[in-house]
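Visitor: This one is input.cif, mmCIF, C-alpha atoms and all ligand atoms.
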```cif
data_entry
#
loop_
_atom_site.label_atom_id
_atom_site.label_comp_id
_atom_site.auth_asym_id
_atom_site.auth_seq_id
_atom_site.Cartn_x
_atom_site.Cartn_y
_atom_site.Cartn_z
CA MET A 971 0.00 0.00 0.00
CA ASN A 972 1.32 3.44 -0.85
CA VAL A 973 -0.43 5.83 1.51
CA GLN A 974 1.34 9.16 1.44
CA PRO A 975 0.13 11.14 4.43
CA ILE A 976 2.55 14.00 3.64
CA ARG A 977 3.55 15.27 0.18
CA TRP A 978 6.16 17.97 -0.32
CA THR A 979 5.87 19.78 -3.64
CA GLY A 980 8.81 22.15 -3.28
CA GLU A 981 6.58 25.15 -2.64
CA SER A 982 3.80 23.70 -0.50
CA VAL A 983 3.15 20.74 1.73
CA GLU A 984 0.05 18.58 1.30
CA PHE A 985 -1.50 16.52 4.05
CA LEU A 986 -3.94 13.67 3.54
CA ASP A 987 -6.89 14.96 5.57
CA GLN A 988 -7.15 12.34 8.33
CA ARG A 989 -10.36 13.89 9.67
CA LEU A 990 -12.17 12.60 6.59
CA LEU A 991 -10.81 9.05 6.48
CA PRO A 992 -11.92 6.44 5.71
CA GLU A 993 -14.82 7.96 3.75
CA ARG A 994 -12.83 10.43 1.66
CA LEU A 995 -9.23 10.72 0.47
CA GLU A 996 -8.53 14.44 0.15
CA TYR A 997 -5.41 16.51 0.61
CA VAL A 998 -5.14 19.87 2.38
CA THR A 999 -2.50 22.22 0.93
CA CYS A 1000 -0.44 24.43 3.28
CA ARG A 1001 1.79 27.28 2.12
CA THR A 1002 2.70 28.87 5.46
CA ALA A 1003 3.81 27.73 8.90
CA THR A 1004 0.56 29.09 10.33
CA GLU A 1005 -1.43 26.87 7.98
CA VAL A 1006 0.72 23.87 8.94
CA ALA A 1007 0.24 24.63 12.65
CA ALA A 1008 -3.53 24.75 12.10
CA ALA A 1009 -3.40 21.40 10.25
CA VAL A 1010 -1.57 19.84 13.20
CA ARG A 1011 -3.87 21.42 15.79
CA ASP A 1012 -7.01 20.39 13.89
CA MET A 1013 -5.79 16.79 13.38
CA VAL A 1014 -5.57 16.97 9.57
CA VAL A 1015 -2.15 15.42 10.19
CA ARG A 1016 -1.53 13.52 13.42
CA GLY A 1017 0.74 10.88 14.92
CA ALA A 1018 4.04 11.84 16.53
CA PRO A 1019 6.52 11.32 13.65
CA ALA A 1020 4.12 12.83 11.10
CA ILE A 1021 3.72 15.90 13.31
CA GLY A 1022 7.52 16.22 13.40
CA CYS A 1023 7.75 16.03 9.60
CA ALA A 1024 4.91 18.54 9.26
CA ALA A 1025 6.65 21.04 11.54
CA ALA A 1026 9.89 20.71 9.57
CA PHE A 1027 8.09 21.40 6.30
CA GLY A 1028 6.25 24.30 7.96
CA LEU A 1029 9.57 25.96 8.77
CA ALA A 1030 10.97 25.12 5.33
CA LEU A 1031 8.05 26.98 3.72
CA GLU A 1032 8.95 30.12 5.66
CA ALA A 1033 12.69 29.75 5.11
CA LEU A 1034 12.25 29.43 1.35
CA ARG A 1035 10.39 32.73 1.31
CA GLY A 1036 12.89 34.43 3.61
CA ARG A 1037 10.33 35.04 6.35
CA ASP A 1038 10.74 35.33 10.14
CA LEU A 1039 11.68 31.84 11.35
CA ALA A 1040 11.51 32.59 15.06
CA ALA A 1041 7.86 33.62 14.77
CA ALA A 1042 7.07 30.54 12.67
CA GLU A 1043 8.73 28.30 15.24
CA THR A 1044 6.62 29.80 18.03
CA VAL A 1045 3.40 29.19 16.09
CA LEU A 1046 4.33 25.59 15.28
CA ALA A 1047 5.49 24.84 18.83
CA ALA A 1048 2.07 25.89 20.16
CA SER A 1049 0.13 23.48 17.94
CA ARG A 1050 0.19 20.30 20.09
CA PRO A 1051 2.14 19.68 23.30
CA THR A 1052 2.72 15.96 23.82
CA ALA A 1053 4.55 14.48 20.82
CA VAL A 1054 8.19 15.46 21.30
CA ASN A 1055 8.91 14.79 17.61
CA LEU A 1056 7.46 18.25 16.94
CA PHE A 1057 10.00 19.98 19.20
CA TRP A 1058 12.80 17.67 18.06
CA ALA A 1059 12.14 18.67 14.43
CA LEU A 1060 11.95 22.38 15.26
CA GLU A 1061 15.29 22.13 17.04
CA ARG A 1062 16.87 20.33 14.09
CA MET A 1063 15.64 23.03 11.73
CA ARG A 1064 16.74 25.97 13.91
CA GLY A 1065 19.09 28.41 12.20
CA LEU A 1066 18.66 26.94 8.71
CA GLN A 1067 17.82 29.34 5.92
CA GLY A 1068 16.46 28.95 2.38
CA GLU A 1069 17.40 25.78 0.47
CA ALA A 1070 19.28 24.37 3.48
CA ALA A 1071 16.02 24.33 5.47
CA MET A 1072 14.23 22.55 2.68
CA THR A 1073 16.99 19.95 2.39
CA GLU A 1074 16.85 19.33 6.14
CA ALA A 1075 13.06 18.94 6.16
CA VAL A 1076 13.25 16.42 3.33
CA ALA A 1077 16.02 14.59 5.25
CA ILE A 1078 13.81 14.42 8.38
CA TYR A 1079 11.05 12.90 6.28
CA ASP A 1080 13.34 10.41 4.49
CA GLU A 1081 15.02 9.39 7.73
CA ASP A 1082 11.66 8.74 9.37
CA LEU A 1083 10.65 6.41 6.55
CA ALA A 1084 13.98 4.57 6.78
CA ALA A 1085 13.72 4.36 10.59
CA ASN A 1086 10.28 2.82 10.32
CA ARG A 1087 11.45 0.18 7.88
CA ARG A 1088 14.41 -0.71 10.12
CA MET A 1089 12.15 -0.75 13.21
CA GLY A 1090 9.79 -3.00 11.30
CA ALA A 1091 12.55 -5.47 10.47
CA LEU A 1092 13.84 -5.53 14.07
CA GLY A 1093 10.37 -5.71 15.60
CA ALA A 1094 9.22 -8.45 13.26
CA THR A 1095 11.61 -10.87 14.97
CA LEU A 1096 9.50 -10.49 18.14
CA VAL A 1097 6.32 -11.56 16.35
CA PRO A 1098 5.56 -15.28 16.29
CA ASP A 1099 3.97 -16.89 13.25
CA GLY A 1100 0.20 -16.79 13.61
CA ALA A 1101 0.28 -13.96 16.17
CA ARG A 1102 -2.96 -12.19 17.03
CA ILE A 1103 -1.74 -8.68 17.68
CA MET A 1104 -3.65 -6.02 19.55
CA THR A 1105 -2.89 -2.38 18.78
CA HIS A 1106 -4.28 0.95 19.95
CA CYS A 1107 -4.79 4.24 18.15
CA ASN A 1108 -2.99 4.53 14.81
CA ALA A 1109 0.76 4.12 14.72
CA GLY A 1110 0.72 3.33 11.02
CA ALA A 1111 1.83 4.82 7.73
CA LEU A 1112 -0.64 7.64 8.35
CA ALA A 1113 1.09 8.64 11.59
CA THR A 1114 4.57 8.79 10.07
CA ALA A 1115 6.38 9.49 6.80
CA GLY A 1116 5.25 5.98 5.82
CA HIS A 1117 5.25 2.27 6.84
CA GLY A 1118 4.43 3.12 10.45
CA THR A 1119 5.95 2.21 13.82
CA ALA A 1120 3.67 -0.34 15.53
CA LEU A 1121 1.85 -1.09 12.27
CA GLY A 1122 5.25 -1.05 10.53
CA VAL A 1123 6.30 -3.98 12.72
CA ILE A 1124 3.09 -5.79 11.77
CA ARG A 1125 3.62 -5.03 8.05
CA SER A 1126 7.22 -6.21 8.20
CA ALA A 1127 6.22 -9.41 10.04
CA ARG A 1128 3.68 -10.14 7.33
CA ASP A 1129 6.24 -9.35 4.61
CA ALA A 1130 8.62 -11.79 6.31
CA GLY A 1131 6.03 -14.50 5.70
CA LYS A 1132 4.38 -14.58 9.12
CA ARG A 1133 0.62 -15.08 9.27
CA VAL A 1134 -0.49 -12.26 11.50
CA SER A 1135 -3.85 -10.79 12.36
CA VAL A 1136 -4.69 -7.56 14.09
CA ILE A 1137 -7.17 -6.60 16.78
CA ALA A 1138 -7.69 -2.84 16.45
CA ASN A 1139 -9.10 -1.01 19.46
CA GLU A 1140 -11.42 1.72 18.22
CA THR A 1141 -9.65 4.32 20.43
CA ARG A 1142 -12.24 6.54 22.03
CA PRO A 1143 -12.85 9.39 21.75
CA TYR A 1144 -11.25 10.30 18.41
CA LEU A 1145 -11.54 6.82 16.85
CA GLN A 1146 -8.10 6.62 15.26
CA GLY A 1147 -8.26 2.82 15.62
CA ALA A 1148 -11.66 2.40 13.97
CA ARG A 1149 -11.13 4.99 11.25
CA LEU A 1150 -7.41 4.83 10.48
CA THR A 1151 -5.82 1.58 11.69
CA ALA A 1152 -8.74 -0.54 10.48
CA TRP A 1153 -8.58 1.27 7.13
CA GLU A 1154 -4.83 0.78 6.74
CA MET A 1155 -5.09 -2.92 7.56
CA VAL A 1156 -8.00 -3.47 5.17
CA GLN A 1157 -6.03 -1.71 2.38
CA GLU A 1158 -3.04 -3.88 3.20
CA LYS A 1159 -5.15 -7.08 3.29
CA ILE A 1160 -3.94 -7.90 6.80
CA PRO A 1161 -6.83 -9.55 8.66
CA VAL A 1162 -8.19 -7.06 11.17
CA THR A 1163 -10.92 -7.22 13.80
CA LEU A 1164 -12.28 -4.02 15.28
CA ILE A 1165 -13.32 -3.89 18.93
CA THR A 1166 -14.29 -1.12 21.33
CA ASP A 1167 -11.61 -0.29 23.88
CA SER A 1168 -13.54 -1.84 26.76
CA MET A 1169 -13.46 -5.29 25.07
CA ALA A 1170 -9.67 -5.63 25.27
CA GLY A 1171 -9.54 -7.31 28.70
CA HIS A 1172 -12.26 -9.76 27.81
CA LEU A 1173 -10.45 -10.91 24.67
CA MET A 1174 -7.19 -11.26 26.57
CA SER A 1175 -8.89 -13.30 29.30
CA ARG A 1176 -10.22 -15.67 26.64
CA GLY A 1177 -6.74 -16.25 25.19
CA GLU A 1178 -7.55 -14.39 21.97
CA VAL A 1179 -4.55 -12.03 22.04
CA ASP A 1180 -0.87 -13.03 21.74
CA LEU A 1181 0.84 -9.67 22.11
CA VAL A 1182 0.19 -5.93 22.20
CA ILE A 1183 2.15 -3.37 20.21
CA VAL A 1184 1.63 0.38 20.22
CA GLY A 1185 3.48 3.55 19.25
CA ALA A 1186 4.53 6.45 21.48
CA ASP A 1187 4.41 10.23 21.53
CA ARG A 1188 7.19 10.81 24.04
CA ILE A 1189 9.48 8.41 25.91
CA ALA A 1190 11.17 9.70 29.06
CA ALA A 1191 14.77 8.96 30.09
CA ASN A 1192 13.65 6.00 32.23
CA GLY A 1193 11.57 4.38 29.45
CA ASP A 1194 8.13 5.57 30.61
CA ALA A 1195 6.11 6.08 27.42
CA ALA A 1196 3.27 8.50 26.70
CA ASN A 1197 0.85 7.29 24.04
CA LYS A 1198 -2.82 7.61 23.15
CA ILE A 1199 -5.22 7.56 26.09
CA GLY A 1200 -6.08 3.97 26.96
CA THR A 1201 -2.59 2.61 26.33
CA TYR A 1202 -1.77 2.43 30.04
CA THR A 1203 -4.93 0.39 30.67
CA LEU A 1204 -3.85 -2.07 27.99
CA ALA A 1205 -0.38 -2.40 29.51
CA VAL A 1206 -1.88 -3.25 32.90
CA LEU A 1207 -4.18 -5.78 31.26
CA ALA A 1208 -1.30 -7.29 29.27
CA GLN A 1209 0.70 -7.78 32.46
CA ARG A 1210 -2.28 -9.38 34.20
CA HIS A 1211 -2.57 -11.86 31.32
CA GLY A 1212 1.16 -12.48 30.86
CA LEU A 1213 1.22 -10.97 27.36
CA PRO A 1214 4.20 -9.14 25.84
CA PHE A 1215 3.61 -5.40 25.60
CA TYR A 1216 5.80 -3.67 23.01
CA VAL A 1217 6.25 0.03 22.24
CA ALA A 1218 7.67 0.86 18.79
CA ALA A 1219 9.10 4.36 18.33
CA PRO A 1220 11.98 6.09 16.60
CA LEU A 1221 14.72 7.88 18.53
CA SER A 1222 13.06 11.18 17.62
CA THR A 1223 10.34 10.22 20.14
CA PHE A 1224 12.79 9.96 23.06
CA ASP A 1225 13.10 12.93 25.41
CA ALA A 1226 16.16 12.40 27.59
CA ARG A 1227 15.54 15.77 29.24
CA ILE A 1228 12.48 14.40 31.01
CA ALA A 1229 13.44 12.04 33.83
CA ASP A 1230 10.22 10.05 33.99
CA GLY A 1231 6.70 9.98 32.65
CA SER A 1232 5.30 12.33 35.29
CA GLY A 1233 7.06 15.21 33.51
CA ILE A 1234 5.50 14.58 30.10
CA PRO A 1235 2.94 17.28 29.16
CA ILE A 1236 -0.42 15.70 28.45
CA GLU A 1237 -2.71 17.43 25.96
CA GLU A 1238 -6.29 18.09 27.09
CA ARG A 1239 -8.61 18.15 24.11
CA PRO A 1240 -12.07 19.71 23.59
CA GLU A 1241 -15.02 18.49 25.65
CA ALA A 1242 -17.07 17.99 22.50
CA GLU A 1243 -14.98 14.90 21.63
CA VAL A 1244 -16.35 13.19 24.76
CA THR A 1245 -19.89 14.53 24.86
CA GLY A 1246 -20.63 13.45 21.30
CA TYR A 1247 -19.18 12.90 17.85
CA ARG A 1248 -19.25 14.96 14.66
CA GLY A 1249 -22.04 17.25 15.79
CA MET A 1250 -24.14 14.60 17.54
CA ARG A 1251 -24.39 15.08 21.30
CA TRP A 1252 -25.32 12.31 23.74
CA ALA A 1253 -24.20 13.75 27.11
CA PRO A 1254 -26.41 16.14 29.08
CA GLN A 1255 -25.64 19.86 29.11
CA GLY A 1256 -23.96 20.88 32.35
CA VAL A 1257 -21.92 17.69 32.85
CA ARG A 1258 -18.23 18.13 33.68
CA VAL A 1259 -15.86 16.51 31.19
CA ARG A 1260 -12.22 15.41 31.14
CA ASN A 1261 -10.46 14.66 27.87
CA PRO A 1262 -6.77 13.90 28.35
CA ALA A 1263 -5.54 12.74 24.93
CA PHE A 1264 -2.60 10.67 26.20
CA ASP A 1265 -1.53 8.60 29.19
CA VAL A 1266 1.79 7.32 30.47
CA THR A 1267 2.73 3.65 30.60
CA PRO A 1268 5.46 3.03 33.20
CA ALA A 1269 8.57 1.36 31.80
CA ALA A 1270 8.03 -1.55 34.21
CA LEU A 1271 4.98 -2.59 32.17
CA ILE A 1272 6.83 -2.47 28.82
CA SER A 1273 8.38 -5.74 27.64
CA ALA A 1274 10.54 -4.00 25.06
CA LEU A 1275 11.03 -0.72 23.22
CA VAL A 1276 11.51 -1.28 19.49
CA THR A 1277 13.62 1.44 17.85
CA GLU A 1278 15.53 1.77 14.60
CA LYS A 1279 18.76 1.38 16.57
CA GLY A 1280 17.79 -1.79 18.38
CA VAL A 1281 15.32 -3.47 20.69
CA VAL A 1282 15.59 -2.57 24.37
CA HIS A 1283 14.17 -5.38 26.49
CA ALA A 1284 12.83 -4.53 29.97
CA PRO A 1285 13.63 -0.84 29.50
CA ASP A 1286 14.92 1.23 32.39
CA ARG A 1287 17.04 4.34 32.82
CA ASP A 1288 20.37 2.56 32.21
CA ARG A 1289 19.22 0.67 29.13
CA VAL A 1290 17.58 3.72 27.57
CA SER A 1291 20.66 5.83 28.24
CA ALA A 1292 22.89 3.10 26.69
CA LEU A 1293 20.69 3.08 23.58
CA LEU A 1294 20.84 6.84 23.21
CA ALA A 1295 24.60 6.98 23.86
CA ALA A 1296 25.26 4.25 21.26
CA SER A 1297 23.17 6.14 18.70
CA ARG A 1298 24.88 9.51 19.06
O1 LIG B 1301 -3.73 12.19 18.88
P1 LIG B 1301 -2.93 11.44 17.86
O2 LIG B 1301 -3.77 10.75 16.84
O3 LIG B 1301 -1.85 12.32 17.23
O4 LIG B 1301 -2.19 10.34 18.71
C1 LIG B 1301 -1.33 9.44 18.06
C2 LIG B 1301 -0.77 8.38 18.92
O5 LIG B 1301 -1.00 8.33 20.11
C3 LIG B 1301 0.19 7.42 18.27
O6 LIG B 1301 0.13 6.17 18.88
C4 LIG B 1301 1.62 7.97 18.39
O7 LIG B 1301 1.68 9.29 17.95
C5 LIG B 1301 2.59 7.16 17.65
S1 LIG B 1301 2.40 7.32 15.91
C6 LIG B 1301 3.59 6.40 15.13
#
```
Give the structure from the file, written as structure tokens.
Guide:
Amino acid sequence: MNVQPIRWTGESVEFLDQRLLPERLEYVTCRTATEVAAAVRDMVVRGAPAIGCAAAFGLALEALRGRDLAAAETVLAASRPTAVNLFWALERMRGLQGEAAMTEAVAIYDEDLAANRRMGALGATLVPDGARIMTHCNAGALATAGHGTALGVIRSARDAGKRVSVIANETRPYLQGARLTAWEMVQEKIPVTLITDSMAGHLMSRGEVDLVIVGADRIAANGDAANKIGTYTLAVLAQRHGLPFYVAAPLSTFDARIADGSGIPIEERPEAEVTGYRGMRWAPQGVRVRNPAFDVTPAALISALVTEKGVVHAPDRDRVSALLAASR
């Protein structure tokens, strides 16, 4: 499958509008950093590595036109707070002007694709033939430059000849699992079963799941991993049922400056995502609502971190720091 969530034309960046999937395949064109920031904020483009690529192209657009890069960086940095890939990309782009900025943004994109393929190959060795794999949210081609992180591992396992099937949690409230992961797997002809999030424990208790693999938005120095809300619940359930729980993420998702998961900023999203969906409201007026978009899974619940530079089993501060040191 050749889903291209991000297309760089040399003078604009186009994002496959993920708000419309799976019903419609339409691209949104951005010509300024402000337009890119709006696309990130409004979830036209989402998923940690894709957000990083988007931010890089946003700055490249401004650099090519000789505009104020500091102002553009501020606008992009304010778009979404949790995925560190955004800030990592902005830092990598800092100080680059004109063509050099464009070259760097394209390199960030190309490197993400290559990292996902490598992660896929490494992660595929953890997947037994016949595995029934549960995943949460969308850590697929759509969430990256292509191939995906968690779904990249599943794709690579299938390409290596393993018979795999996927259980996609719908991922309330924004439904990335039902709309995006299920769509990607159907396109790819990988058998996929959609469930609501609250069915995960039941399926595990019946022996219908062999492993869980998810992506991440930010991994702290000790291996604690922030990912889509509901991931932590799955990790607890996986431990209860003795199932491997894997997190696949590129090094651009690691934030060594944050000691542990408690320091990771968690985005709070609009109430309307919880009180209803696409204009339909089911909750009473006057009810109080919480809508944290991410949660933190402690490293102790993670069987392994799968990165493009290697698999870190039973991650902790020392093992994460060794990985990052070896990759410098
Ligand atoms: O709110 P989203 O859709 O941007 O959240 C995405 C996730 O939580 C993904 O699992 C994560 O970014 C990893 S994507 C390879």
Visitor: What is the distance between atom CA of A:Thr1141 and atom CA of A:Ala1226, in Å to one decimal?
Guide: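 Those two atoms sit 28.0 Å apart.
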Visitor: Residues within 7 Å of ligand LIG 1301 (chain B) (all atoms listed in the file), as a short mmCIF file (atom, residue, chain, number, x, y, z; two decimals) with C-alpha atoms, in the coordinates of the input?
Guide:
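This went into selection29.cif:
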```
data_model
loop_
_atom_site.label_atom_id
_atom_site.label_comp_id
_atom_site.auth_asym_id
_atom_site.auth_seq_id
_atom_site.Cartn_x
_atom_site.Cartn_y
_atom_site.Cartn_z
CA ARG A 1016 -1.53 13.52 13.42
CA GLY A 1017 0.74 10.88 14.92
CA ALA A 1018 4.04 11.84 16.53
CA PRO A 1019 6.52 11.32 13.65
CA ALA A 1053 4.55 14.48 20.82
CA HIS A 1106 -4.28 0.95 19.95
CA CYS A 1107 -4.79 4.24 18.15
CA ASN A 1108 -2.99 4.53 14.81
CA ALA A 1109 0.76 4.12 14.72
CA GLY A 1110 0.72 3.33 11.02
CA ALA A 1113 1.09 8.64 11.59
CA THR A 1114 4.57 8.79 10.07
CA GLY A 1118 4.43 3.12 10.45
CA THR A 1119 5.95 2.21 13.82
CA ALA A 1120 3.67 -0.34 15.53
CA GLN A 1146 -8.10 6.62 15.26
CA VAL A 1184 1.63 0.38 20.22
CA GLY A 1185 3.48 3.55 19.25
CA ALA A 1186 4.53 6.45 21.48
CA ASP A 1187 4.41 10.23 21.53
CA ASN A 1197 0.85 7.29 24.04
CA LYS A 1198 -2.82 7.61 23.15
CA ALA A 1219 9.10 4.36 18.33
CA ALA A 1263 -5.54 12.74 24.93
CA PHE A 1264 -2.60 10.67 26.20
#
```
Visitor: At a cut-off of 10 Å, using only C-alpha atoms, what residues contact A:Phe1215? Leave out same-chain residues fewer than 4 positions from it and give the result as a VMD selection string.
Guide: chain A and resid 1104 to 1105 1180 to 1184 1204 to 1209 1271 to 1275
Visitor: Using atom CA of A:His1172 and atom CA of A:Val1136 as the two end points, give the distance in Å to one decimal.
Guide: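 According to the coordinates, atom CA of A:His1172 and atom CA of A:Val1136 are separated by 15.8 Å.
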Visitor: Of the residues A:Gln1255, A:Thr1052, A:Arg1125, A:Pro1214, which is the one nearest to A:Gly1233, using only C-alpha atoms?
Guide: A:Thr1052
Visitor: Between atom CA of A:Met1169 and atom CA of A:Val1259, what is the spacing in Å?
Guide: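 Those two atoms sit 22.8 Å apart.
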Visitor: Nearest to A:Pro1240: which of A:Ala1024, A:Asp1012, A:Asn1055, A:Ala1295 is it, counting all atoms listed in the file?
Guide: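 Checking each candidate against A:Pro1240, we get A:Asp1012 as the closest.
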Visitor: Quick one: everything within 12 Å of A:Ala1084, counting all atoms listed in the file, minus sequence neighbours fewer than 4 positions away in the same chain. Send it as a ChimeraX atom specification.
Guide: /A:1077-1080,1088-1091,1114-1119,1122,1220,1277-1279
Visitor: Tell me which protein, DNA and RNA residues are within 7 Å of A:Ala1030, counting all atoms listed in the file, leaving out same-chain ones fewer than 3 positions away, and put them as number ranges by chain.
Guide: A: 1026-1027, 1033-1034, 1071-1072, 1075
Visitor: Suppose we keep C-alpha atoms; can you now write the selection as a PDB file, keeping the file's coordinate frame?
Guide:
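Full text of out-v5.pdb as output:
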```
ATOM      1  CA  ALA A1026       9.890  20.710   9.570  1.00  0.00           C
ATOM      2  CA  PHE A1027       8.090  21.400   6.300  1.00  0.00           C
ATOM      3  CA  ALA A1033      12.690  29.750   5.110  1.00  0.00           C
ATOM      4  CA  LEU A1034      12.250  29.430   1.350  1.00  0.00           C
ATOM      5  CA  ALA A1071      16.020  24.330   5.470  1.00  0.00           C
ATOM      6  CA  MET A1072      14.230  22.550   2.680  1.00  0.00           C
ATOM      7  CA  ALA A1075      13.060  18.940   6.160  1.00  0.00           C
TER       8      ALA A1075
END
```
Visitor: Nearest to A:Gly1147: which of A:Glu1005, A:Asp1167, A:Glu1043, A:Asp1230 is it, counting only C-alpha atoms?
Guide: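 Of A:Glu1005, A:Asp1167, A:Glu1043, A:Asp1230, the one nearest A:Gly1147 is A:Asp1167, counting only C-alpha atoms.
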Visitor: Can you tell me, as a list in words, what residues are no more than 8 Å from A:Trp1058 when counting all atoms listed in the file, ignoring any on the same chain fewer than 4 positions away?
Guide: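 Returned residues: Gly1022, Val1054, Arg1062 and Ser1222 of chain A.
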Visitor: Find the residue from A:Phe1224, A:Tyr1247, A:Phe1057, A:Phe985 that sits nearest to A:Tyr1144; use all atoms listed in the file when measuring.
Guide: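 Counting all atoms listed in the file, the residue closest to A:Tyr1144 is A:Tyr1247.
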Visitor: Tell me which residues come within 12 Å of (-11.7, -10.0, 22.0), as a PDB file with C-alpha atoms, keeping the file's coordinate frame, counting only C-alpha atoms in the file's coordinates.
Guide:
```
ATOM      1  CA  ARG A1102      -2.960 -12.190  17.030  1.00  0.00           C
ATOM      2  CA  ILE A1103      -1.740  -8.680  17.680  1.00  0.00           C
ATOM      3  CA  MET A1104      -3.650  -6.020  19.550  1.00  0.00           C
ATOM      4  CA  VAL A1136      -4.690  -7.560  14.090  1.00  0.00           C
ATOM      5  CA  ILE A1137      -7.170  -6.600  16.780  1.00  0.00           C
ATOM      6  CA  ALA A1138      -7.690  -2.840  16.450  1.00  0.00           C
ATOM      7  CA  ASN A1139      -9.100  -1.010  19.460  1.00  0.00           C
ATOM      8  CA  VAL A1162      -8.190  -7.060  11.170  1.00  0.00           C
ATOM      9  CA  THR A1163     -10.920  -7.220  13.800  1.00  0.00           C
ATOM     10  CA  LEU A1164     -12.280  -4.020  15.280  1.00  0.00           C
ATOM     11  CA  ILE A1165     -13.320  -3.890  18.930  1.00  0.00           C
ATOM     12  CA  THR A1166     -14.290  -1.120  21.330  1.00  0.00           C
ATOM     13  CA  ASP A1167     -11.610  -0.290  23.880  1.00  0.00           C
ATOM     14  CA  SER A1168     -13.540  -1.840  26.760  1.00  0.00           C
ATOM     15  CA  MET A1169     -13.460  -5.290  25.070  1.00  0.00           C
ATOM     16  CA  ALA A1170      -9.670  -5.630  25.270  1.00  0.00           C
ATOM     17  CA  GLY A1171      -9.540  -7.310  28.700  1.00  0.00           C
ATOM     18  CA  HIS A1172     -12.260  -9.760  27.810  1.00  0.00           C
ATOM     19  CA  LEU A1173     -10.450 -10.910  24.670  1.00  0.00           C
ATOM     20  CA  MET A1174      -7.190 -11.260  26.570  1.00  0.00           C
ATOM     21  CA  SER A1175      -8.890 -13.300  29.300  1.00  0.00           C
ATOM     22  CA  ARG A1176     -10.220 -15.670  26.640  1.00  0.00           C
ATOM     23  CA  GLY A1177      -6.740 -16.250  25.190  1.00  0.00           C
ATOM     24  CA  GLU A1178      -7.550 -14.390  21.970  1.00  0.00           C
ATOM     25  CA  VAL A1179      -4.550 -12.030  22.040  1.00  0.00           C
ATOM     26  CA  ASP A1180      -0.870 -13.030  21.740  1.00  0.00           C
TER      27      ASP A1180
END
```
Visitor: Using only C-alpha atoms, pick whichever of A:Arg989, A:Arg1258, A:Arg1210, A:Arg1128 has the shortest atom-to-atom distance to A:Val1014.
Guide: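 Using only C-alpha atoms, A:Val1014 sits closest to A:Arg989.
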Visitor: With all atoms listed in the file as the counted atoms, please give the residues lying no more than 12 Å from A:Arg1251, apart from itself and same-chain residues fewer than 6 positions off, as a count of residues only.
Guide: 5
Visitor: Go through A:Val1076, A:Val1281, A:Leu1046, A:Ala1218 and flag the residue nearest A:Val983, using all atoms listed in the file for the distances.
Guide: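 The answer is A:Val1076, which sits nearest to A:Val983.
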Visitor: Any chance you could build stretch 983-992 of chain A out to N, CA, C and O atoms and write it as a JSON list (two decimals), in the coordinates of the input?
Guide:
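Output saved as rebuild15.json:
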```
[["chain", "number", "residue", "atom", "x", "y", "z"],
["A", 983, "VAL", "N", 3.20, 22.09, 1.17],
["A", 983, "VAL", "CA", 3.15, 20.74, 1.73],
["A", 983, "VAL", "C", 1.68, 20.33, 1.77],
["A", 983, "VAL", "O", 0.80, 21.13, 2.10],
["A", 984, "GLU", "N", 1.43, 19.08, 1.37],
["A", 984, "GLU", "CA", 0.05, 18.58, 1.30],
["A", 984, "GLU", "C", -0.13, 17.46, 2.31],
["A", 984, "GLU", "O", 0.71, 16.56, 2.39],
["A", 985, "PHE", "N", -1.20, 17.55, 3.06],
["A", 985, "PHE", "CA", -1.50, 16.52, 4.05],
["A", 985, "PHE", "C", -2.78, 15.78, 3.68],
["A", 985, "PHE", "O", -3.80, 16.43, 3.39],
["A", 986, "LEU", "N", -2.72, 14.46, 3.71],
["A", 986, "LEU", "CA", -3.94, 13.67, 3.54],
["A", 986, "LEU", "C", -4.83, 14.01, 4.74],
["A", 986, "LEU", "O", -4.40, 13.86, 5.89],
["A", 987, "ASP", "N", -6.03, 14.46, 4.49],
["A", 987, "ASP", "CA", -6.89, 14.96, 5.57],
["A", 987, "ASP", "C", -7.44, 13.78, 6.39],
["A", 987, "ASP", "O", -8.41, 13.12, 5.99],
["A", 988, "GLN", "N", -6.81, 13.52, 7.54],
["A", 988, "GLN", "CA", -7.15, 12.34, 8.33],
["A", 988, "GLN", "C", -8.48, 12.49, 9.07],
["A", 988, "GLN", "O", -9.00, 11.53, 9.62],
["A", 989, "ARG", "N", -9.03, 13.70, 9.04],
["A", 989, "ARG", "CA", -10.36, 13.89, 9.67],
["A", 989, "ARG", "C", -11.43, 13.24, 8.81],
["A", 989, "ARG", "O", -12.50, 12.91, 9.29],
["A", 990, "LEU", "N", -11.15, 13.08, 7.52],
["A", 990, "LEU", "CA", -12.17, 12.60, 6.59],
["A", 990, "LEU", "C", -12.09, 11.10, 6.34],
["A", 990, "LEU", "O", -13.01, 10.52, 5.77],
["A", 991, "LEU", "N", -10.96, 10.49, 6.72],
["A", 991, "LEU", "CA", -10.81, 9.05, 6.48],
["A", 991, "LEU", "C", -11.75, 8.27, 7.38],
["A", 991, "LEU", "O", -12.02, 8.70, 8.49],
["A", 992, "PRO", "N", -12.24, 7.11, 6.97],
["A", 992, "PRO", "CA", -11.92, 6.44, 5.71],
["A", 992, "PRO", "C", -12.87, 6.80, 4.57],
["A", 992, "PRO", "O", -12.70, 6.28, 3.46]]
```
